[in-house]
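Q: The following file, target.pdb, comprises PDB, C-alpha atoms, pLDDT in the B column:
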ATOM      1  CA  MET A   1      81.564  84.254  99.309  1.00 87.00           C
ATOM      2  CA  ARG A   2      78.824  86.101  97.455  1.00 90.00           C
ATOM      3  CA  ALA A   3      76.598  85.914 100.516  1.00 92.00           C
ATOM      4  CA  VAL A   4      79.306  87.566 102.620  1.00 93.00           C
ATOM      5  CA  ILE A   5      79.777  90.344 100.055  1.00 95.00           C
ATOM      6  CA  ALA A   6      76.018  90.871  99.824  1.00 93.00           C
ATOM      7  CA  THR A   7      75.774  91.074 103.618  1.00 94.00           C
ATOM      8  CA  LEU A   8      78.614  93.617 103.772  1.00 93.00           C
ATOM      9  CA  ARG A   9      76.980  95.729 101.067  1.00 94.00           C
ATOM     10  CA  GLN A  10      73.655  95.647 102.912  1.00 94.00           C
ATOM     11  CA  ALA A  11      75.375  96.632 106.173  1.00 90.00           C
ATOM     12  CA  THR A  12      77.128  99.511 104.392  1.00 90.00           C
ATOM     13  CA  ARG A  13      73.850 100.734 102.876  1.00 92.00           C
ATOM     14  CA  SER A  14      72.133 100.477 106.241  1.00 91.00           C
ATOM     15  CA  PHE A  15      74.988 102.371 107.930  1.00 88.00           C
ATOM     16  CA  ARG A  16      74.933 105.168 105.343  1.00 89.00           C
ATOM     17  CA  ALA A  17      71.149 105.476 105.613  1.00 92.00           C
ATOM     18  CA  GLN A  18      71.410 106.430 109.292  1.00 91.00           C
ATOM     19  CA  PRO A  19      71.104 110.080 110.350  1.00 94.00           C
ATOM     20  CA  PRO A  20      74.559 111.742 110.629  1.00 91.00           C
ATOM     21  CA  VAL A  21      74.660 111.947 114.431  1.00 94.00           C
ATOM     22  CA  ARG A  22      73.591 108.340 114.860  1.00 94.00           C
ATOM     23  CA  ARG A  23      76.100 107.235 112.204  1.00 92.00           C
ATOM     24  CA  GLU A  24      78.928 109.002 114.037  1.00 93.00           C
ATOM     25  CA  LEU A  25      77.895 107.495 117.360  1.00 94.00           C
ATOM     26  CA  LEU A  26      77.792 104.009 115.804  1.00 93.00           C
ATOM     27  CA  LEU A  27      81.224 104.566 114.282  1.00 92.00           C
ATOM     28  CA  LEU A  28      82.576 105.792 117.621  1.00 94.00           C
ATOM     29  CA  LEU A  29      81.109 102.769 119.410  1.00 95.00           C
ATOM     30  CA  VAL A  30      82.603 100.310 116.920  1.00 93.00           C
ATOM     31  CA  MET A  31      86.016 102.010 117.058  1.00 95.00           C
ATOM     32  CA  LEU A  32      85.966 102.007 120.876  1.00 95.00           C
ATOM     33  CA  LEU A  33      85.151  98.286 120.855  1.00 95.00           C
ATOM     34  CA  VAL A  34      88.025  97.670 118.442  1.00 94.00           C
ATOM     35  CA  ALA A  35      90.339  99.717 120.661  1.00 95.00           C
ATOM     36  CA  VAL A  36      89.401  97.772 123.795  1.00 94.00           C
ATOM     37  CA  LEU A  37      89.102  94.254 122.372  1.00 92.00           C
ATOM     38  CA  VAL A  38      91.555  94.108 119.440  1.00 94.00           C
ATOM     39  CA  LEU A  39      94.182  96.819 119.836  1.00 93.00           C
ATOM     40  CA  PRO A  40      95.836  95.551 123.062  1.00 92.00           C
ATOM     41  CA  THR A  41      96.251  92.121 121.475  1.00 93.00           C
ATOM     42  CA  LEU A  42      97.836  93.654 118.373  1.00 94.00           C
ATOM     43  CA  VAL A  43     100.154  95.754 120.546  1.00 92.00           C
ATOM     44  CA  TRP A  44     101.113  92.646 122.525  1.00 91.00           C
ATOM     45  CA  LEU A  45     101.737  90.678 119.324  1.00 93.00           C
ATOM     46  CA  ALA A  46     103.958  93.382 117.814  1.00 94.00           C
ATOM     47  CA  GLY A  47     105.832  93.792 121.091  1.00 91.00           C
ATOM     48  CA  HIS A  48     106.276  90.052 121.453  1.00 89.00           C
ATOM     49  CA  ILE A  49     107.681  89.746 117.936  1.00 93.00           C
ATOM     50  CA  PHE A  50     110.024  92.749 118.084  1.00 93.00           C
ATOM     51  CA  LEU A  51     110.794  93.192 121.791  1.00 90.00           C
ATOM     52  CA  GLY A  52     110.241  89.834 123.473  1.00 85.00           C
ATOM     53  CA  ASP A  53     108.087  88.875 126.445  1.00 84.00           C
ATOM     54  CA  TYR A  54     105.718  91.386 128.038  1.00 84.00           C
ATOM     55  CA  LEU A  55     107.041  92.094 131.532  1.00 81.00           C
ATOM     56  CA  ARG A  56     104.184  92.989 133.851  1.00 76.00           C
ATOM     57  CA  SER A  57     106.449  93.919 136.733  1.00 71.00           C
ATOM     58  CA  PRO A  58     110.127  94.744 137.252  1.00 67.00           C
ATOM     59  CA  ALA A  59     110.381  91.542 139.309  1.00 68.00           C
ATOM     60  CA  GLY A  60     110.150  89.587 136.061  1.00 66.00           C
ATOM     61  CA  GLY A  61     106.556  88.376 135.877  1.00 74.00           C
ATOM     62  CA  THR A  62     105.536  87.956 132.250  1.00 80.00           C
ATOM     63  CA  GLY A  63     102.071  88.141 130.784  1.00 83.00           C
ATOM     64  CA  GLY A  64     100.214  87.471 127.590  1.00 85.00           C
ATOM     65  CA  PRO A  65      97.673  89.453 125.580  1.00 88.00           C
ATOM     66  CA  LEU A  66      95.007  89.136 128.275  1.00 89.00           C
ATOM     67  CA  ALA A  67      97.402  90.550 130.875  1.00 88.00           C
ATOM     68  CA  LEU A  68      98.118  93.513 128.606  1.00 89.00           C
ATOM     69  CA  THR A  69      94.379  94.042 128.050  1.00 91.00           C
ATOM     70  CA  ILE A  70      93.783  94.040 131.808  1.00 91.00           C
ATOM     71  CA  ASP A  71      96.676  96.480 132.325  1.00 91.00           C
ATOM     72  CA  PHE A  72      95.243  98.650 129.527  1.00 92.00           C
ATOM     73  CA  LEU A  73      91.813  98.767 131.184  1.00 94.00           C
ATOM     74  CA  THR A  74      93.445  99.525 134.534  1.00 93.00           C
ATOM     75  CA  GLY A  75      95.326 102.396 132.911  1.00 93.00           C
ATOM     76  CA  LEU A  76      92.079 103.712 131.416  1.00 94.00           C
ATOM     77  CA  PHE A  77      90.352 103.685 134.785  1.00 94.00           C
ATOM     78  CA  SER A  78      93.332 105.412 136.386  1.00 95.00           C
ATOM     79  CA  GLY A  79      92.867 108.302 133.925  1.00 92.00           C
ATOM     80  CA  SER A  80      96.242 108.135 132.194  1.00 92.00           C
ATOM     81  CA  LEU A  81      96.337 110.273 129.048  1.00 94.00           C
ATOM     82  CA  ALA A  82      98.394 107.713 127.091  1.00 93.00           C
ATOM     83  CA  TYR A  83      95.782 105.009 127.581  1.00 94.00           C
ATOM     84  CA  TRP A  84      92.965 107.364 126.595  1.00 95.00           C
ATOM     85  CA  LEU A  85      94.840 108.320 123.419  1.00 94.00           C
ATOM     86  CA  MET A  86      95.215 104.626 122.616  1.00 93.00           C
ATOM     87  CA  LEU A  87      91.482 104.156 123.216  1.00 95.00           C
ATOM     88  CA  LEU A  88      90.537 107.061 120.945  1.00 95.00           C
ATOM     89  CA  GLY A  89      93.266 106.308 118.384  1.00 94.00           C
ATOM     90  CA  PRO A  90      91.181 104.211 115.952  1.00 95.00           C
ATOM     91  CA  TYR A  91      88.377 106.802 115.846  1.00 95.00           C
ATOM     92  CA  LEU A  92      90.861 109.657 115.462  1.00 95.00           C
ATOM     93  CA  LEU A  93      92.557 107.822 112.582  1.00 95.00           C
ATOM     94  CA  VAL A  94      89.209 107.390 110.816  1.00 94.00           C
ATOM     95  CA  ALA A  95      88.429 111.074 111.393  1.00 93.00           C
ATOM     96  CA  ALA A  96      91.839 112.106 110.020  1.00 95.00           C
ATOM     97  CA  TRP A  97      91.342 109.843 106.985  1.00 95.00           C
ATOM     98  CA  ARG A  98      87.946 111.415 106.290  1.00 92.00           C
ATOM     99  CA  LEU A  99      89.341 114.931 106.704  1.00 94.00           C
ATOM    100  CA  GLY A 100      92.195 114.122 104.314  1.00 95.00           C
ATOM    101  CA  ALA A 101      89.730 112.747 101.762  1.00 94.00           C
ATOM    102  CA  ARG A 102      87.672 115.947 101.975  1.00 92.00           C
ATOM    103  CA  LEU A 103      90.770 118.105 101.536  1.00 94.00           C
ATOM    104  CA  VAL A 104      91.811 116.123  98.465  1.00 94.00           C
ATOM    105  CA  LYS A 105      88.335 116.586  96.944  1.00 89.00           C
ATOM    106  CA  MET A 106      88.588 120.376  97.259  1.00 84.00           C
TER     107      MET A 106
END
Spell out the structure here as structure tokens.
A:
Amino acid sequence: MRAVIATLRQATRSFRAQPPVRRELLLLLVMLLVAVLVLPTLVWLAGHIFLGDYLRSPAGGTGGPLALTIDFLTGLFSGSLAYWLMLLGPYLLVAAWRLGARLVKM
């Protein structure tokens, strides 16, 4: 456990030592990866728990988390604003959190 904590501390120090523009780009990249790889699965899981099966088509075909991820990527490539907001959501939440922290410090 101590090795994991030490590794996380070293990663945090390394991240903070980066120039500001590079740090922001790294943060954006990580948040985009989270949005593409993790977020659709979490959305599917919440929907499955509270709403039931994910219906891919009105004809009744159901799908799992991978089907939702594929539909999400298809929606991104089609240019739909809702999908792009979902993609940028994690980064925008981090930015809002940081802005709120700065306002509280004032």
Q: Identify which of the residues A:Ala101, A:Leu51, A:Leu81, A:Met86 lies closest to Ala35 in chain A, counting all atoms listed in the file when measuring atom-to-atom distances.
A: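 Counting all atoms listed in the file, the residue closest to Ala35 in chain A is A:Met86.
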Q: Go through range 64-98 of chain A and flag each residue having an atom no more than 9 Å from range 39-48 of chain A; for those, report the closest pair of atoms plus their distance in Å to one decimal, using only C-alpha atoms, ordered by chain and rising number, as JSON lines.
A:
{"residue": "A:Gly64", "atom": "CA", "partner": "A:Trp44", "partner_atom": "CA", "distance": 7.3}
{"residue": "A:Pro65", "atom": "CA", "partner": "A:Thr41", "partner_atom": "CA", "distance": 5.1}
{"residue": "A:Leu66", "atom": "CA", "partner": "A:Thr41", "partner_atom": "CA", "distance": 7.5}
{"residue": "A:Leu68", "atom": "CA", "partner": "A:Pro40", "partner_atom": "CA", "distance": 6.3}
{"residue": "A:Thr69", "atom": "CA", "partner": "A:Pro40", "partner_atom": "CA", "distance": 5.4}
{"residue": "A:Phe72", "atom": "CA", "partner": "A:Pro40", "partner_atom": "CA", "distance": 7.2}
{"residue": "A:Met86", "atom": "CA", "partner": "A:Leu39", "partner_atom": "CA", "distance": 8.4}
{"residue": "A:Leu87", "atom": "CA", "partner": "A:Leu39", "partner_atom": "CA", "distance": 8.5}
{"residue": "A:Pro90", "atom": "CA", "partner": "A:Leu39", "partner_atom": "CA", "distance": 8.9}
Q: Quick one, how far is CA of Leu88 in chain A from CA of Val36 in chain A?
A: 9.8 Å
Q: If you measure from CA of Met1 in chain A to CA of Ser14 in chain A, what distance in Å do you get, rounded to one decimal?
A: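 Straight-line distance from CA of Met1 in chain A to CA of Ser14 in chain A works out to 20.0 Å.
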Q: Go through A:Leu73, A:Leu8, A:Met31, A:Val21 and flag the residue nearest Leu92 in chain A, using only C-alpha atoms for the distances.
A: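 Of A:Leu73, A:Leu8, A:Met31, A:Val21, the one nearest Leu92 in chain A is A:Met31, counting only C-alpha atoms.
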Q: Can you measure CA of Arg2 in chain A to CA of Val94 in chain A for me? One decimal in Å is fine.
A: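 Pair CA of Arg2 in chain A / CA of Val94 in chain A returns 27.2 Å.
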